[in-house]
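Since the structure comes first, as structure tokens, the remarks are kept for the end.
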Amino acid sequence: MADYKVIDTDGHVLESMDGLRKLLPPRWQRGRLGVGDNWDRNLRGKLGQEPKSPQDQLAALDKDEISLMVMYPTTCLSIGVIREVPFATALTHAYNDWMHEFCRADPKRLKFVALVAPQDIDEAAKELRRAVKDLGAVGATLPTYVPNRPDWSDRFYDPLYSEAQHLD
């Protein structure tokens, strides 16, 4: 395998709820930040590695002989079900800032996709632009379900799609 680069294009980061909470404005610093933020995704250590820091993540990449990882949220994938729209938007800002700092440990090997909250589509487009231009995100992820919002093919999402196209 030494002749090949292994790139994990669907890695997941285990978000630090304390780290995210510190990046939120005081108004939004609450005990629980999202759906399932207390769920034990690793079943008490039975499912393998559970990196908690950039250094842990890099060690896991080395162990698995992975050259580069593009990381997606884990707990924050549920961003779409947060009903408080300003909180959802604030959480995406905190998450993207946190991921930017996380990836600074080795920007050549650690990449991230931006998290956007489509509950406010104009703010989502602005956050996508900020995350890509200012923080180095290599793409974006959207939640699979957003209550009381149209299907993803609806023109409601055009501002976000337009920004993504503009950013290439």
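By convention here, the chains of the structure tokens are called A, B, ... in the order presented, each chain's residues are numbered starting at 1, and ligands are numbered starting at 1 in the order presented.
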If we count only C-alpha atoms and set the cut-off at 12 Å, which residues sit around Asp56 of chain A, ignoring sequence neighbours fewer than 3 positions away in its own chain? Please answer as a count of residues only. 16
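The shell of residues at most 12 Å from Asp18 of chain A, with only C-alpha atoms counted and near chain neighbours (fewer than 5 positions) removed, consists of Leu23, Leu24, Gln29, Arg30, Gly31, Arg32, Leu33, Asp37, Asn38, Lys52, Ala94, Tyr95 and Trp98 of chain A.
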Compile a residue-level contact table for segment 66-140 of chain A against segment 163-168 of chain A at a cut-off of 8 Å, reporting for every qualifying residue the shortest atom pair and its distance in Å to one decimal, with only C-alpha atoms counted, rows ordered by chain and ascending number, as a Markdown table.
| residue | atom | partner | partner_atom | distance |
| --- | --- | --- | --- | --- |
| A:Ala125 | CA | A:Glu163 | CA | 5.9 |
| A:Leu128 | CA | A:Ala164 | CA | 7.5 |
| A:Arg129 | CA | A:Glu163 | CA | 7.0 |
| A:Val132 | CA | A:Leu167 | CA | 7.8 |
Exercise: Arg104 of chain A partners within 12 Å, only C-alpha atoms, chain neighbours under 3 positions left out, as a PyMOL selection string: chain A and resi 53-55+58+97-101+107-112+135-137
Just C-alpha atoms for this one: save the residues we selected as a PDB file, in the first residue's frame.
ATOM      1  CA  SER A  53      -8.640  15.317  19.631  1.00  0.00           C
ATOM      2  CA  PRO A  54      -6.849  16.151  16.394  1.00  0.00           C
ATOM      3  CA  GLN A  55      -3.829  14.236  17.654  1.00  0.00           C
ATOM      4  CA  LEU A  58      -4.058  11.709  13.225  1.00  0.00           C
ATOM      5  CA  ASP A  97     -15.044  27.330  13.708  1.00  0.00           C
ATOM      6  CA  TRP A  98     -14.348  24.270  15.863  1.00  0.00           C
ATOM      7  CA  MET A  99     -13.602  22.117  12.800  1.00  0.00           C
ATOM      8  CA  HIS A 100     -11.291  24.794  11.389  1.00  0.00           C
ATOM      9  CA  GLU A 101      -9.269  24.704  14.607  1.00  0.00           C
ATOM     10  CA  PRO A 107      -4.284  20.858   7.285  1.00  0.00           C
ATOM     11  CA  LYS A 108      -2.749  18.603   4.629  1.00  0.00           C
ATOM     12  CA  ARG A 109      -4.321  15.485   6.154  1.00  0.00           C
ATOM     13  CA  LEU A 110      -7.416  16.778   7.937  1.00  0.00           C
ATOM     14  CA  LYS A 111     -10.170  18.375   5.848  1.00  0.00           C
ATOM     15  CA  PHE A 112     -13.772  19.170   6.725  1.00  0.00           C
ATOM     16  CA  LEU A 135     -12.097  28.541   7.175  1.00  0.00           C
ATOM     17  CA  GLY A 136     -11.031  26.222   4.356  1.00  0.00           C
ATOM     18  CA  ALA A 137     -14.019  23.858   4.199  1.00  0.00           C
TER      19      ALA A 137
END
Could you pull out all residues of chain A with a DSSP call of alpha helix (DSSP H) and give them as JSON, numbers by chain? {"A": [17, 18, 19, 20, 21, 22, 23, 54, 55, 56, 57, 58, 59, 60, 61, 62, 63, 85, 86, 87, 88, 89, 90, 91, 92, 93, 94, 95, 96, 97, 98, 99, 100, 101, 102, 103, 121, 122, 123, 124, 125, 126, 127, 128, 129, 130, 131, 132, 133, 158, 159, 160, 161, 162, 163, 164, 165, 166, 167]}
Separation of atom CA of Phe156 of chain A from atom CA of Gly11 of chain A, in Å and rounded to one decimal: 29.4 Å
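Distances here use only C-alpha atoms; by that measure, the residue among A:Ile82, A:Met71, A:Cys76, A:Ala124 closest to Leu20 of chain A is A:Cys76.
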Got a sec to tell me which of segment 89-167 of chain A DSSP assigns to strand (DSSP E), as a PyMOL selection string? chain A and resi 110-112+114-115+140-141
Saved selection, atoms kept: N, CA, C and O atoms, as a JSON list (two decimals), in the first residue's frame:
[["chain", "number", "residue", "atom", "x", "y", "z"],
["A", 110, "LEU", "N", -6.09, 16.64, 7.34],
["A", 110, "LEU", "CA", -7.42, 16.78, 7.94],
["A", 110, "LEU", "C", -8.20, 17.86, 7.20],
["A", 110, "LEU", "O", -7.80, 19.02, 7.19],
["A", 111, "LYS", "N", -9.29, 17.46, 6.58],
["A", 111, "LYS", "CA", -10.17, 18.38, 5.85],
["A", 111, "LYS", "C", -11.57, 18.24, 6.42],
["A", 111, "LYS", "O", -11.92, 17.22, 7.02],
["A", 112, "PHE", "N", -12.40, 19.26, 6.21],
["A", 112, "PHE", "CA", -13.77, 19.17, 6.73],
["A", 112, "PHE", "C", -14.76, 19.76, 5.75],
["A", 112, "PHE", "O", -14.42, 20.58, 4.90],
["A", 114, "ALA", "N", -18.34, 21.87, 5.56],
["A", 114, "ALA", "CA", -19.09, 22.83, 6.37],
["A", 114, "ALA", "C", -20.45, 22.27, 6.75],
["A", 114, "ALA", "O", -21.06, 21.51, 6.00],
["A", 115, "LEU", "N", -20.91, 22.66, 7.89],
["A", 115, "LEU", "CA", -22.27, 22.36, 8.33],
["A", 115, "LEU", "C", -23.09, 23.62, 8.15],
["A", 115, "LEU", "O", -22.67, 24.71, 8.55],
["A", 140, "ALA", "N", -19.78, 20.93, 1.72],
["A", 140, "ALA", "CA", -20.82, 21.16, 2.73],
["A", 140, "ALA", "C", -21.66, 19.91, 2.88],
["A", 140, "ALA", "O", -21.72, 19.07, 1.98],
["A", 141, "THR", "N", -22.30, 19.80, 4.02],
["A", 141, "THR", "CA", -23.24, 18.72, 4.25],
["A", 141, "THR", "C", -24.58, 19.32, 4.67],
["A", 141, "THR", "O", -24.62, 20.36, 5.31]]
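Nearest to Asn96 of chain A of all the residues A:Asp10, A:Glu127, A:Asp154, A:Glu84 is A:Glu127, counting only C-alpha atoms.
Pairwise distance (atom CA of Gly139 of chain A, atom CA of Val113 of chain A) equals 4.6 Å.
Nearest residue to Asp8 of chain A among A:Lys22, A:Glu65, A:Gln119, A:Ala90 is A:Glu65, counting only C-alpha atoms.
In this comparison, which uses only C-alpha atoms, the residue of A:Ala88, A:Ile121, A:Ala131, A:Leu142 approaching Tyr157 of chain A most closely is A:Ile121.
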Of the residues A:Trp152, A:Glu123, A:Val146, A:Cys103, which is the one nearest to Leu68 of chain A, using only C-alpha atoms? A:Cys103
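Among the candidates A:Ile7, A:Lys126, A:Pro26, A:Thr89, the one nearest to Val70 of chain A when counting only C-alpha atoms is A:Ile7.
Note that the spacing between atom CA of Asp158 of chain A and atom CA of Thr9 of chain A amounts to 25.8 Å.
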